[in-house]
>>> print(open('coords29.cif').read())   # mmCIF, N, CA and C atoms
data_protein
loop_
_atom_site.label_atom_id
_atom_site.label_comp_id
_atom_site.auth_asym_id
_atom_site.auth_seq_id
_atom_site.Cartn_x
_atom_site.Cartn_y
_atom_site.Cartn_z
N MET A 361 0.84 -1.18 0.00
CA MET A 361 0.00 0.00 0.00
C MET A 361 0.89 1.24 0.00
N LEU A 362 0.52 2.22 -0.81
CA LEU A 362 1.23 3.50 -0.83
C LEU A 362 0.35 4.58 -0.19
N LEU A 363 1.00 5.45 0.54
CA LEU A 363 0.32 6.57 1.19
C LEU A 363 0.74 7.86 0.51
N GLN A 364 -0.20 8.78 0.34
CA GLN A 364 0.15 10.08 -0.21
C GLN A 364 0.49 10.99 0.96
N MET A 365 1.74 11.45 1.00
CA MET A 365 2.25 12.23 2.13
C MET A 365 2.73 13.60 1.67
N LEU A 366 2.64 14.58 2.57
CA LEU A 366 3.18 15.90 2.28
C LEU A 366 4.69 15.78 2.11
N LYS A 367 5.22 16.31 1.02
CA LYS A 367 6.65 16.28 0.76
C LYS A 367 7.32 17.59 1.18
N GLY A 368 6.70 18.70 0.77
CA GLY A 368 7.26 20.00 1.09
C GLY A 368 6.18 21.06 1.03
N LYS A 369 6.43 22.18 1.72
CA LYS A 369 5.41 23.22 1.82
C LYS A 369 6.07 24.59 1.93
N LEU A 370 5.56 25.55 1.15
CA LEU A 370 5.89 26.96 1.33
C LEU A 370 4.72 27.55 2.12
N HIS A 371 5.01 28.21 3.22
CA HIS A 371 3.93 28.74 4.06
C HIS A 371 4.00 30.26 4.13
N GLY A 372 2.92 30.91 3.74
CA GLY A 372 2.81 32.36 3.87
C GLY A 372 3.47 33.15 2.78
N ALA A 373 3.80 32.51 1.66
CA ALA A 373 4.40 33.25 0.54
C ALA A 373 3.37 34.22 -0.02
N ARG A 374 3.83 35.41 -0.40
CA ARG A 374 2.93 36.43 -0.91
C ARG A 374 2.92 36.43 -2.43
N VAL A 375 1.71 36.43 -3.01
CA VAL A 375 1.57 36.47 -4.47
C VAL A 375 2.11 37.81 -4.97
N THR A 376 3.04 37.75 -5.91
CA THR A 376 3.68 38.96 -6.43
C THR A 376 3.16 39.35 -7.81
N GLU A 377 2.53 38.40 -8.50
CA GLU A 377 2.00 38.70 -9.83
C GLU A 377 0.90 37.72 -10.19
N ALA A 378 0.00 38.17 -11.06
CA ALA A 378 -1.06 37.32 -11.59
C ALA A 378 -1.18 37.64 -13.08
N ASN A 379 -1.02 36.63 -13.92
CA ASN A 379 -0.99 36.83 -15.36
C ASN A 379 -1.98 35.87 -16.01
N LEU A 380 -3.16 36.37 -16.29
CA LEU A 380 -4.22 35.56 -16.87
C LEU A 380 -3.84 34.99 -18.23
N GLU A 381 -3.06 35.72 -19.01
CA GLU A 381 -2.74 35.30 -20.37
C GLU A 381 -1.59 34.29 -20.46
N TYR A 382 -0.91 34.02 -19.33
CA TYR A 382 0.15 33.02 -19.33
C TYR A 382 -0.50 31.66 -19.50
N ARG A 383 0.21 30.69 -20.02
CA ARG A 383 -0.39 29.39 -20.35
C ARG A 383 -0.74 28.54 -19.14
N GLY A 384 -0.41 28.94 -17.96
CA GLY A 384 -0.82 28.20 -16.78
C GLY A 384 0.33 27.88 -15.87
N SER A 385 0.04 27.58 -14.64
CA SER A 385 1.00 27.17 -13.62
C SER A 385 1.18 28.22 -12.54
N ILE A 386 2.10 27.93 -11.63
CA ILE A 386 2.53 28.89 -10.61
C ILE A 386 4.03 29.06 -10.76
N SER A 387 4.46 30.30 -10.89
CA SER A 387 5.89 30.61 -10.97
C SER A 387 6.40 30.81 -9.55
N ILE A 388 7.48 30.14 -9.21
CA ILE A 388 8.04 30.23 -7.86
C ILE A 388 9.54 30.48 -7.96
N ASP A 389 10.01 31.45 -7.19
CA ASP A 389 11.45 31.74 -7.08
C ASP A 389 12.21 30.42 -6.92
N ARG A 390 13.23 30.22 -7.73
CA ARG A 390 13.99 28.95 -7.70
C ARG A 390 14.56 28.66 -6.30
N ASP A 391 14.99 29.68 -5.56
CA ASP A 391 15.49 29.46 -4.20
C ASP A 391 14.40 28.87 -3.31
N LEU A 392 13.19 29.40 -3.42
CA LEU A 392 12.07 28.87 -2.64
C LEU A 392 11.72 27.45 -3.06
N MET A 393 11.75 27.21 -4.37
CA MET A 393 11.49 25.86 -4.87
C MET A 393 12.45 24.85 -4.26
N GLU A 394 13.72 25.16 -4.31
CA GLU A 394 14.73 24.22 -3.81
C GLU A 394 14.59 24.01 -2.31
N ALA A 395 14.30 25.08 -1.58
CA ALA A 395 14.16 24.95 -0.13
C ALA A 395 13.00 24.02 0.24
N ALA A 396 11.91 24.09 -0.54
CA ALA A 396 10.73 23.26 -0.27
C ALA A 396 10.78 21.92 -1.00
N ARG A 397 11.84 21.68 -1.77
CA ARG A 397 12.03 20.46 -2.55
C ARG A 397 11.03 20.32 -3.69
N PHE A 398 10.63 21.43 -4.30
CA PHE A 398 9.75 21.40 -5.46
C PHE A 398 10.60 21.28 -6.72
N LEU A 399 10.07 20.60 -7.73
CA LEU A 399 10.72 20.47 -9.03
C LEU A 399 9.90 21.20 -10.09
N SER A 400 10.57 21.70 -11.12
CA SER A 400 9.84 22.28 -12.25
C SER A 400 8.91 21.21 -12.82
N GLY A 401 7.68 21.60 -13.07
CA GLY A 401 6.69 20.68 -13.62
C GLY A 401 5.95 19.86 -12.57
N GLU A 402 6.36 19.95 -11.32
CA GLU A 402 5.73 19.16 -10.27
C GLU A 402 4.34 19.69 -9.94
N LYS A 403 3.41 18.78 -9.73
CA LYS A 403 2.05 19.14 -9.33
C LYS A 403 2.05 19.63 -7.88
N VAL A 404 1.36 20.75 -7.64
CA VAL A 404 1.24 21.30 -6.29
C VAL A 404 -0.21 21.69 -6.02
N LEU A 405 -0.53 21.75 -4.75
CA LEU A 405 -1.81 22.26 -4.28
C LEU A 405 -1.53 23.64 -3.69
N VAL A 406 -2.31 24.64 -4.11
CA VAL A 406 -2.13 26.01 -3.63
C VAL A 406 -3.37 26.39 -2.84
N ALA A 407 -3.17 26.87 -1.61
CA ALA A 407 -4.27 27.34 -0.77
C ALA A 407 -4.08 28.83 -0.54
N ASP A 408 -5.06 29.64 -0.95
CA ASP A 408 -5.00 31.08 -0.78
C ASP A 408 -5.54 31.42 0.61
N MET A 409 -4.71 32.03 1.44
CA MET A 409 -5.08 32.31 2.83
C MET A 409 -6.09 33.45 2.92
N ALA A 410 -6.23 34.27 1.88
CA ALA A 410 -7.19 35.38 1.91
C ALA A 410 -8.58 34.91 1.48
N SER A 411 -8.64 34.18 0.37
CA SER A 411 -9.93 33.79 -0.18
C SER A 411 -10.39 32.40 0.26
N GLY A 412 -9.45 31.57 0.67
CA GLY A 412 -9.77 30.19 1.02
C GLY A 412 -9.79 29.27 -0.18
N SER A 413 -9.57 29.81 -1.38
CA SER A 413 -9.58 28.95 -2.57
C SER A 413 -8.39 28.00 -2.54
N ARG A 414 -8.61 26.82 -3.11
CA ARG A 414 -7.57 25.81 -3.23
C ARG A 414 -7.60 25.31 -4.66
N PHE A 415 -6.42 25.16 -5.26
CA PHE A 415 -6.38 24.67 -6.62
C PHE A 415 -5.07 23.94 -6.86
N GLU A 416 -5.09 23.05 -7.85
CA GLU A 416 -3.90 22.31 -8.24
C GLU A 416 -3.35 22.91 -9.52
N THR A 417 -2.04 22.93 -9.62
CA THR A 417 -1.35 23.39 -10.81
C THR A 417 0.04 22.77 -10.81
N TYR A 418 0.93 23.30 -11.62
CA TYR A 418 2.30 22.79 -11.64
C TYR A 418 3.27 23.95 -11.52
N VAL A 419 4.48 23.64 -11.08
CA VAL A 419 5.50 24.64 -10.78
C VAL A 419 6.34 24.97 -12.01
N ILE A 420 6.60 26.26 -12.17
CA ILE A 420 7.58 26.76 -13.13
C ILE A 420 8.57 27.61 -12.35
N ALA A 421 9.85 27.43 -12.63
CA ALA A 421 10.90 28.16 -11.91
C ALA A 421 10.93 29.62 -12.34
N ALA A 422 10.95 30.51 -11.34
CA ALA A 422 11.16 31.94 -11.56
C ALA A 422 12.60 32.25 -11.16
N PRO A 423 13.12 33.39 -11.56
CA PRO A 423 14.52 33.71 -11.26
C PRO A 423 14.86 33.65 -9.76
N ARG A 424 16.06 33.13 -9.48
CA ARG A 424 16.57 33.05 -8.11
C ARG A 424 16.58 34.43 -7.45
N GLY A 425 16.17 34.45 -6.19
CA GLY A 425 16.24 35.68 -5.41
C GLY A 425 15.17 36.71 -5.76
N SER A 426 14.28 36.37 -6.68
CA SER A 426 13.26 37.32 -7.11
C SER A 426 12.09 37.43 -6.13
N GLY A 427 11.90 36.38 -5.33
CA GLY A 427 10.74 36.35 -4.42
C GLY A 427 9.43 36.12 -5.15
N THR A 428 9.51 35.77 -6.43
CA THR A 428 8.31 35.63 -7.25
C THR A 428 7.43 34.48 -6.81
N ILE A 429 6.16 34.79 -6.66
CA ILE A 429 5.08 33.82 -6.56
C ILE A 429 4.04 34.32 -7.55
N GLY A 430 3.99 33.70 -8.72
CA GLY A 430 3.12 34.19 -9.78
C GLY A 430 2.01 33.21 -10.10
N LEU A 431 0.78 33.69 -10.04
CA LEU A 431 -0.37 32.88 -10.44
C LEU A 431 -0.61 33.13 -11.92
N ASN A 432 -0.61 32.07 -12.70
CA ASN A 432 -0.66 32.18 -14.15
C ASN A 432 -1.87 31.45 -14.72
N GLY A 433 -2.33 31.92 -15.87
CA GLY A 433 -3.48 31.30 -16.52
C GLY A 433 -4.71 31.38 -15.65
N ALA A 434 -5.51 30.33 -15.65
CA ALA A 434 -6.76 30.33 -14.88
C ALA A 434 -6.53 30.56 -13.39
N ALA A 435 -5.37 30.14 -12.89
CA ALA A 435 -5.06 30.34 -11.46
C ALA A 435 -5.01 31.82 -11.09
N ALA A 436 -4.77 32.69 -12.07
CA ALA A 436 -4.74 34.13 -11.80
C ALA A 436 -6.10 34.65 -11.34
N ARG A 437 -7.15 33.89 -11.61
CA ARG A 437 -8.50 34.26 -11.15
C ARG A 437 -8.79 33.78 -9.72
N LEU A 438 -7.89 32.96 -9.17
CA LEU A 438 -8.15 32.34 -7.87
C LEU A 438 -7.39 32.98 -6.73
N GLY A 439 -6.65 34.02 -7.02
CA GLY A 439 -5.91 34.74 -6.00
C GLY A 439 -5.55 36.11 -6.53
N SER A 440 -5.11 36.98 -5.64
CA SER A 440 -4.75 38.35 -6.02
C SER A 440 -3.35 38.67 -5.55
N VAL A 441 -2.71 39.61 -6.25
CA VAL A 441 -1.41 40.09 -5.81
C VAL A 441 -1.55 40.59 -4.38
N GLY A 442 -0.63 40.16 -3.52
CA GLY A 442 -0.66 40.52 -2.11
C GLY A 442 -1.23 39.44 -1.22
N ASP A 443 -2.01 38.50 -1.79
CA ASP A 443 -2.54 37.39 -0.98
C ASP A 443 -1.39 36.52 -0.51
N ARG A 444 -1.54 35.97 0.69
CA ARG A 444 -0.58 34.98 1.17
C ARG A 444 -1.10 33.60 0.79
N VAL A 445 -0.19 32.73 0.37
CA VAL A 445 -0.57 31.38 -0.05
C VAL A 445 0.27 30.33 0.65
N ILE A 446 -0.28 29.13 0.67
CA ILE A 446 0.44 27.94 1.11
C ILE A 446 0.53 27.04 -0.12
N VAL A 447 1.73 26.62 -0.47
CA VAL A 447 1.95 25.77 -1.64
C VAL A 447 2.49 24.44 -1.14
N MET A 448 1.81 23.36 -1.50
CA MET A 448 2.15 22.04 -0.97
C MET A 448 2.39 21.03 -2.09
N ALA A 449 3.41 20.21 -1.93
CA ALA A 449 3.69 19.11 -2.85
C ALA A 449 3.60 17.81 -2.07
N TRP A 450 3.23 16.76 -2.76
CA TRP A 450 2.97 15.45 -2.14
C TRP A 450 3.88 14.40 -2.75
N CYS A 451 4.01 13.29 -2.05
CA CYS A 451 4.77 12.15 -2.58
C CYS A 451 4.07 10.87 -2.14
N LEU A 452 4.38 9.80 -2.84
CA LEU A 452 3.84 8.49 -2.48
C LEU A 452 4.94 7.68 -1.81
N MET A 453 4.60 7.01 -0.74
CA MET A 453 5.58 6.18 -0.04
C MET A 453 4.87 5.05 0.71
N THR A 454 5.66 4.08 1.06
CA THR A 454 5.12 2.96 1.83
C THR A 454 4.89 3.40 3.28
N ALA A 455 4.15 2.62 4.03
CA ALA A 455 3.91 2.93 5.44
C ALA A 455 5.23 2.96 6.21
N ASP A 456 6.16 2.07 5.87
CA ASP A 456 7.46 2.07 6.55
C ASP A 456 8.23 3.36 6.26
N GLU A 457 8.22 3.81 5.00
CA GLU A 457 8.88 5.07 4.67
C GLU A 457 8.20 6.24 5.37
N ALA A 458 6.89 6.22 5.41
CA ALA A 458 6.12 7.32 6.02
C ALA A 458 6.40 7.44 7.52
N ALA A 459 6.73 6.34 8.16
CA ALA A 459 6.97 6.35 9.61
C ALA A 459 8.12 7.27 10.00
N SER A 460 9.09 7.43 9.13
CA SER A 460 10.24 8.28 9.46
C SER A 460 10.31 9.54 8.59
N HIS A 461 9.34 9.72 7.71
CA HIS A 461 9.34 10.87 6.79
C HIS A 461 9.01 12.15 7.54
N ARG A 462 9.74 13.21 7.23
CA ARG A 462 9.48 14.54 7.80
C ARG A 462 9.43 15.54 6.66
N PRO A 463 8.23 16.08 6.35
CA PRO A 463 8.13 17.06 5.27
C PRO A 463 8.97 18.30 5.56
N LYS A 464 9.45 18.93 4.51
CA LYS A 464 10.20 20.18 4.62
C LYS A 464 9.20 21.33 4.58
N VAL A 465 9.28 22.22 5.58
CA VAL A 465 8.40 23.39 5.66
C VAL A 465 9.26 24.64 5.56
N VAL A 466 8.86 25.53 4.66
CA VAL A 466 9.60 26.78 4.43
C VAL A 466 8.65 27.94 4.71
N SER A 467 8.94 28.71 5.74
CA SER A 467 8.16 29.91 6.04
C SER A 467 8.77 31.08 5.29
N VAL A 468 7.89 31.88 4.66
CA VAL A 468 8.33 32.97 3.81
C VAL A 468 7.73 34.28 4.30
N ASP A 469 8.51 35.37 4.26
CA ASP A 469 7.98 36.66 4.69
C ASP A 469 7.34 37.40 3.51
N ALA A 470 6.81 38.60 3.79
CA ALA A 470 6.09 39.39 2.79
C ALA A 470 6.95 39.77 1.59
N ALA A 471 8.26 39.83 1.77
CA ALA A 471 9.18 40.20 0.69
C ALA A 471 9.65 38.99 -0.12
N GLY A 472 9.21 37.80 0.26
CA GLY A 472 9.60 36.59 -0.45
C GLY A 472 10.88 35.96 0.06
N ALA A 473 11.36 36.44 1.22
CA ALA A 473 12.59 35.88 1.80
C ALA A 473 12.24 34.71 2.73
N ILE A 474 13.13 33.76 2.78
CA ILE A 474 12.95 32.61 3.68
C ILE A 474 13.20 33.06 5.11
N VAL A 475 12.21 32.80 5.96
CA VAL A 475 12.31 33.14 7.38
C VAL A 475 12.81 31.94 8.17
N GLU A 476 12.32 30.76 7.80
CA GLU A 476 12.65 29.55 8.55
C GLU A 476 12.44 28.33 7.65
N ILE A 477 13.32 27.35 7.80
CA ILE A 477 13.17 26.06 7.14
C ILE A 477 13.28 25.00 8.21
N PHE A 478 12.32 24.10 8.25
CA PHE A 478 12.41 23.03 9.23
C PHE A 478 11.72 21.78 8.72
N ASP A 479 12.06 20.65 9.32
CA ASP A 479 11.41 19.39 9.04
C ASP A 479 10.23 19.28 10.00
N MET A 480 9.05 19.11 9.43
CA MET A 480 7.83 19.02 10.23
C MET A 480 7.86 17.75 11.09
N GLU A 481 7.56 17.92 12.33
CA GLU A 481 7.49 16.79 13.24
C GLU A 481 6.09 16.22 13.27
N GLU A 482 5.94 15.01 13.72
CA GLU A 482 4.63 14.38 13.83
C GLU A 482 3.71 15.25 14.67
N GLY A 483 2.48 15.47 14.17
CA GLY A 483 1.50 16.26 14.90
C GLY A 483 1.52 17.74 14.59
N GLU A 484 2.54 18.23 13.87
CA GLU A 484 2.60 19.65 13.51
C GLU A 484 1.76 19.88 12.25
N ALA A 485 1.30 21.10 12.10
CA ALA A 485 0.52 21.46 10.92
C ALA A 485 1.38 22.09 9.87
#
>>> encode(input="coords29.cif", output="structure tokens")
Amino acid sequence: MLLQMLKGKLHGARVTEANLEYRGSISIDRDLMEAARFLSGEKVLVADMASGSRFETYVIAAPRGSGTIGLNGAAARLGSVGDRVIVMAWCLMTADEAASHRPKVVSVDAAGAIVEIFDMEEGEA
């Protein structure tokens, strides 16, 4: 049996741009991607902390150090510039792997800078 587990999460990142005419996805600063263990093209779940909307899309790398969190295509209708979002990626693993797995959590400030990186412990949100 495989379990779907949280792999990595960006918490509190601020949307810096919304581009309805882009072909789709979420653009994320490459530094933030690497810290949260996201890959280009990886499916993610995005939760908008202002509106409560949740949607799935895929990651596209934005320039390093830019702080970019860009909602593109249809996703641009589901959040606004300035909204804080939580971006989550998942992985499949066995129950034995899941027993010792600790998702990577990256807290981000309003400017797009990393505030804290930690491995989530059991029972943490």
>>> resolve_selection(input="coords29.cif", expression="the PyMOL selection byres (((chain A and resi 447 and name CA) around 10) and name CA)", output="PDB file with N, CA and C atoms, in the frame of the given file")
ATOM      1  N   GLY A 368       6.700  18.700   0.770  1.00  0.00           N
ATOM      2  CA  GLY A 368       7.260  20.000   1.090  1.00  0.00           C
ATOM      3  C   GLY A 368       6.180  21.060   1.030  1.00  0.00           C
ATOM      4  N   LYS A 369       6.430  22.180   1.720  1.00  0.00           N
ATOM      5  CA  LYS A 369       5.410  23.220   1.820  1.00  0.00           C
ATOM      6  C   LYS A 369       6.070  24.590   1.930  1.00  0.00           C
ATOM      7  N   LEU A 370       5.560  25.550   1.150  1.00  0.00           N
ATOM      8  CA  LEU A 370       5.890  26.960   1.330  1.00  0.00           C
ATOM      9  C   LEU A 370       4.720  27.550   2.120  1.00  0.00           C
ATOM     10  N   HIS A 371       5.010  28.210   3.220  1.00  0.00           N
ATOM     11  CA  HIS A 371       3.930  28.740   4.060  1.00  0.00           C
ATOM     12  C   HIS A 371       4.000  30.260   4.130  1.00  0.00           C
ATOM     13  N   GLY A 372       2.920  30.910   3.740  1.00  0.00           N
ATOM     14  CA  GLY A 372       2.810  32.360   3.870  1.00  0.00           C
ATOM     15  C   GLY A 372       3.470  33.150   2.780  1.00  0.00           C
ATOM     16  N   ALA A 373       3.800  32.510   1.660  1.00  0.00           N
ATOM     17  CA  ALA A 373       4.400  33.250   0.540  1.00  0.00           C
ATOM     18  C   ALA A 373       3.370  34.220  -0.020  1.00  0.00           C
ATOM     19  N   ILE A 386       2.100  27.930 -11.630  1.00  0.00           N
ATOM     20  CA  ILE A 386       2.530  28.890 -10.610  1.00  0.00           C
ATOM     21  C   ILE A 386       4.030  29.060 -10.760  1.00  0.00           C
ATOM     22  N   ILE A 388       7.480  30.140  -9.210  1.00  0.00           N
ATOM     23  CA  ILE A 388       8.040  30.230  -7.860  1.00  0.00           C
ATOM     24  C   ILE A 388       9.540  30.480  -7.960  1.00  0.00           C
ATOM     25  N   ALA A 396      11.910  24.090  -0.540  1.00  0.00           N
ATOM     26  CA  ALA A 396      10.730  23.260  -0.270  1.00  0.00           C
ATOM     27  C   ALA A 396      10.780  21.920  -1.000  1.00  0.00           C
ATOM     28  N   PHE A 398      10.630  21.430  -4.300  1.00  0.00           N
ATOM     29  CA  PHE A 398       9.750  21.400  -5.460  1.00  0.00           C
ATOM     30  C   PHE A 398      10.600  21.280  -6.720  1.00  0.00           C
ATOM     31  N   VAL A 404       1.360  20.750  -7.640  1.00  0.00           N
ATOM     32  CA  VAL A 404       1.240  21.300  -6.290  1.00  0.00           C
ATOM     33  C   VAL A 404      -0.210  21.690  -6.020  1.00  0.00           C
ATOM     34  N   LEU A 405      -0.530  21.750  -4.750  1.00  0.00           N
ATOM     35  CA  LEU A 405      -1.810  22.260  -4.280  1.00  0.00           C
ATOM     36  C   LEU A 405      -1.530  23.640  -3.690  1.00  0.00           C
ATOM     37  N   VAL A 406      -2.310  24.640  -4.110  1.00  0.00           N
ATOM     38  CA  VAL A 406      -2.130  26.010  -3.630  1.00  0.00           C
ATOM     39  C   VAL A 406      -3.370  26.390  -2.840  1.00  0.00           C
ATOM     40  N   ALA A 407      -3.170  26.870  -1.610  1.00  0.00           N
ATOM     41  CA  ALA A 407      -4.270  27.340  -0.770  1.00  0.00           C
ATOM     42  C   ALA A 407      -4.080  28.830  -0.540  1.00  0.00           C
ATOM     43  N   ASP A 408      -5.060  29.640  -0.950  1.00  0.00           N
ATOM     44  CA  ASP A 408      -5.000  31.080  -0.780  1.00  0.00           C
ATOM     45  C   ASP A 408      -5.540  31.420   0.610  1.00  0.00           C
ATOM     46  N   ARG A 414      -8.610  26.820  -3.110  1.00  0.00           N
ATOM     47  CA  ARG A 414      -7.570  25.810  -3.230  1.00  0.00           C
ATOM     48  C   ARG A 414      -7.600  25.310  -4.660  1.00  0.00           C
ATOM     49  N   PHE A 415      -6.420  25.160  -5.260  1.00  0.00           N
ATOM     50  CA  PHE A 415      -6.380  24.670  -6.620  1.00  0.00           C
ATOM     51  C   PHE A 415      -5.070  23.940  -6.860  1.00  0.00           C
ATOM     52  N   GLU A 416      -5.090  23.050  -7.850  1.00  0.00           N
ATOM     53  CA  GLU A 416      -3.900  22.310  -8.240  1.00  0.00           C
ATOM     54  C   GLU A 416      -3.350  22.910  -9.520  1.00  0.00           C
ATOM     55  N   VAL A 419       4.480  23.640 -11.080  1.00  0.00           N
ATOM     56  CA  VAL A 419       5.500  24.640 -10.780  1.00  0.00           C
ATOM     57  C   VAL A 419       6.340  24.970 -12.010  1.00  0.00           C
ATOM     58  N   ILE A 429       6.160  34.790  -6.660  1.00  0.00           N
ATOM     59  CA  ILE A 429       5.080  33.820  -6.560  1.00  0.00           C
ATOM     60  C   ILE A 429       4.040  34.320  -7.550  1.00  0.00           C
ATOM     61  N   ARG A 444      -1.540  35.970   0.690  1.00  0.00           N
ATOM     62  CA  ARG A 444      -0.580  34.980   1.170  1.00  0.00           C
ATOM     63  C   ARG A 444      -1.100  33.600   0.790  1.00  0.00           C
ATOM     64  N   VAL A 445      -0.190  32.730   0.370  1.00  0.00           N
ATOM     65  CA  VAL A 445      -0.570  31.380  -0.050  1.00  0.00           C
ATOM     66  C   VAL A 445       0.270  30.330   0.650  1.00  0.00           C
ATOM     67  N   ILE A 446      -0.280  29.130   0.670  1.00  0.00           N
ATOM     68  CA  ILE A 446       0.440  27.940   1.110  1.00  0.00           C
ATOM     69  C   ILE A 446       0.530  27.040  -0.120  1.00  0.00           C
ATOM     70  N   MET A 448       1.810  23.360  -1.500  1.00  0.00           N
ATOM     71  CA  MET A 448       2.150  22.040  -0.970  1.00  0.00           C
ATOM     72  C   MET A 448       2.390  21.030  -2.090  1.00  0.00           C
ATOM     73  N   ALA A 449       3.410  20.210  -1.930  1.00  0.00           N
ATOM     74  CA  ALA A 449       3.690  19.110  -2.850  1.00  0.00           C
ATOM     75  C   ALA A 449       3.600  17.810  -2.070  1.00  0.00           C
ATOM     76  N   VAL A 466       8.860  25.530   4.660  1.00  0.00           N
ATOM     77  CA  VAL A 466       9.600  26.780   4.430  1.00  0.00           C
ATOM     78  C   VAL A 466       8.650  27.940   4.710  1.00  0.00           C
TER      79      VAL A 466
END
>>> select_by_dssp(input="coords29.cif", residues="chain A", states="helix (DSSP H, G or I)", output="PyMOL selection string")
chain A and resi 390-396+433-437+455-460
>>> resolve_selection(input="coords29.cif", expression="the PyMOL selection byres ((chain A and resi 378-381) around 6.5)", output="PDB file with N, CA and C atoms, keeping the file's coordinate frame")
ATOM      1  N   VAL A 375       1.710  36.430  -3.010  1.00  0.00           N
ATOM      2  CA  VAL A 375       1.570  36.470  -4.470  1.00  0.00           C
ATOM      3  C   VAL A 375       2.110  37.810  -4.970  1.00  0.00           C
ATOM      4  N   THR A 376       3.040  37.750  -5.910  1.00  0.00           N
ATOM      5  CA  THR A 376       3.680  38.960  -6.430  1.00  0.00           C
ATOM      6  C   THR A 376       3.160  39.350  -7.810  1.00  0.00           C
ATOM      7  N   GLU A 377       2.530  38.400  -8.500  1.00  0.00           N
ATOM      8  CA  GLU A 377       2.000  38.700  -9.830  1.00  0.00           C
ATOM      9  C   GLU A 377       0.900  37.720 -10.190  1.00  0.00           C
ATOM     10  N   TYR A 382      -0.910  34.020 -19.330  1.00  0.00           N
ATOM     11  CA  TYR A 382       0.150  33.020 -19.330  1.00  0.00           C
ATOM     12  C   TYR A 382      -0.500  31.660 -19.500  1.00  0.00           C
ATOM     13  N   ARG A 383       0.210  30.690 -20.020  1.00  0.00           N
ATOM     14  CA  ARG A 383      -0.390  29.390 -20.350  1.00  0.00           C
ATOM     15  C   ARG A 383      -0.740  28.540 -19.140  1.00  0.00           C
ATOM     16  N   GLY A 384      -0.410  28.940 -17.960  1.00  0.00           N
ATOM     17  CA  GLY A 384      -0.820  28.200 -16.780  1.00  0.00           C
ATOM     18  C   GLY A 384       0.330  27.880 -15.870  1.00  0.00           C
ATOM     19  N   GLY A 430       3.990  33.700  -8.720  1.00  0.00           N
ATOM     20  CA  GLY A 430       3.120  34.190  -9.780  1.00  0.00           C
ATOM     21  C   GLY A 430       2.010  33.210 -10.100  1.00  0.00           C
ATOM     22  N   LEU A 431       0.780  33.690 -10.040  1.00  0.00           N
ATOM     23  CA  LEU A 431      -0.370  32.880 -10.440  1.00  0.00           C
ATOM     24  C   LEU A 431      -0.610  33.130 -11.920  1.00  0.00           C
ATOM     25  N   ASN A 432      -0.610  32.070 -12.700  1.00  0.00           N
ATOM     26  CA  ASN A 432      -0.660  32.180 -14.150  1.00  0.00           C
ATOM     27  C   ASN A 432      -1.870  31.450 -14.720  1.00  0.00           C
ATOM     28  N   GLY A 433      -2.330  31.920 -15.870  1.00  0.00           N
ATOM     29  CA  GLY A 433      -3.480  31.300 -16.520  1.00  0.00           C
ATOM     30  C   GLY A 433      -4.710  31.380 -15.650  1.00  0.00           C
ATOM     31  N   ALA A 434      -5.510  30.330 -15.650  1.00  0.00           N
ATOM     32  CA  ALA A 434      -6.760  30.330 -14.880  1.00  0.00           C
ATOM     33  C   ALA A 434      -6.530  30.560 -13.390  1.00  0.00           C
ATOM     34  N   ALA A 436      -4.770  32.690 -12.070  1.00  0.00           N
ATOM     35  CA  ALA A 436      -4.740  34.130 -11.800  1.00  0.00           C
ATOM     36  C   ALA A 436      -6.100  34.650 -11.340  1.00  0.00           C
ATOM     37  N   ARG A 437      -7.150  33.890 -11.610  1.00  0.00           N
ATOM     38  CA  ARG A 437      -8.500  34.260 -11.150  1.00  0.00           C
ATOM     39  C   ARG A 437      -8.790  33.780  -9.720  1.00  0.00           C
ATOM     40  N   SER A 440      -5.110  36.980  -5.640  1.00  0.00           N
ATOM     41  CA  SER A 440      -4.750  38.350  -6.020  1.00  0.00           C
ATOM     42  C   SER A 440      -3.350  38.670  -5.550  1.00  0.00           C
ATOM     43  N   VAL A 441      -2.710  39.610  -6.250  1.00  0.00           N
ATOM     44  CA  VAL A 441      -1.410  40.090  -5.810  1.00  0.00           C
ATOM     45  C   VAL A 441      -1.550  40.590  -4.380  1.00  0.00           C
TER      46      VAL A 441
END
>>> select_by_dssp(input="coords29.cif", residues="range 378-423 of chain A", states="strand (DSSP E)", output="list in words")
Ala378, Asn379, Ser385, Ile386, Ser387, Ile388, Asp389, Lys403, Val404, Leu405, Val406, Ala407, Asp408, Arg414, Phe415, Glu416, Thr417, Tyr418, Val419, Ile420, Ala421 and Ala422 of chain A
>>> residues_around(input="coords29.cif", residues="Leu363 in chain A", least_positions_apart="2", cutoff="6 Å", atoms="only N, CA and C atoms", output="JSON, numbers by chain")
{"A": [361, 365, 451, 452, 453, 454, 455]}
>>> closest_residue(input="coords29.cif", among="A:Leu399, A:Lys367, A:Ser426, A:Leu362", to="Arg462 in chain A", atoms="all atoms listed in the file")
A:Lys367
>>> atom_distance(input="coords29.cif", atom1="CA of Glu394 in chain A", atom2="CA of Gln364 in chain A")
20.6 Å
>>> atom_distance(input="coords29.cif", atom1="CA of Met480 in chain A", atom2="atom N of Asp391 in chain A")
20.4 Å
>>> atom_distance(input="coords29.cif", atom1="CA of Glu402 in chain A", atom2="atom N of Lys464 in chain A")
15.2 Å
>>> closest_residue(input="coords29.cif", among="A:Ala410, A:Ala459, A:Val468, A:Ala473", to="Asp443 in chain A", atoms="only N, CA and C atoms")
A:Ala410
>>> resolve_selection(input="coords29.cif", expression="the PyMOL selection byres ((chain A and resi 423) around 8)", output="list of chain:residue names")
A:Ser387, A:Ile388, A:Asp389, A:Arg390, A:Asp391, A:Leu392, A:Ile420, A:Ala421, A:Ala422, A:Arg424, A:Gly425, A:Ser426, A:Gly427, A:Thr428
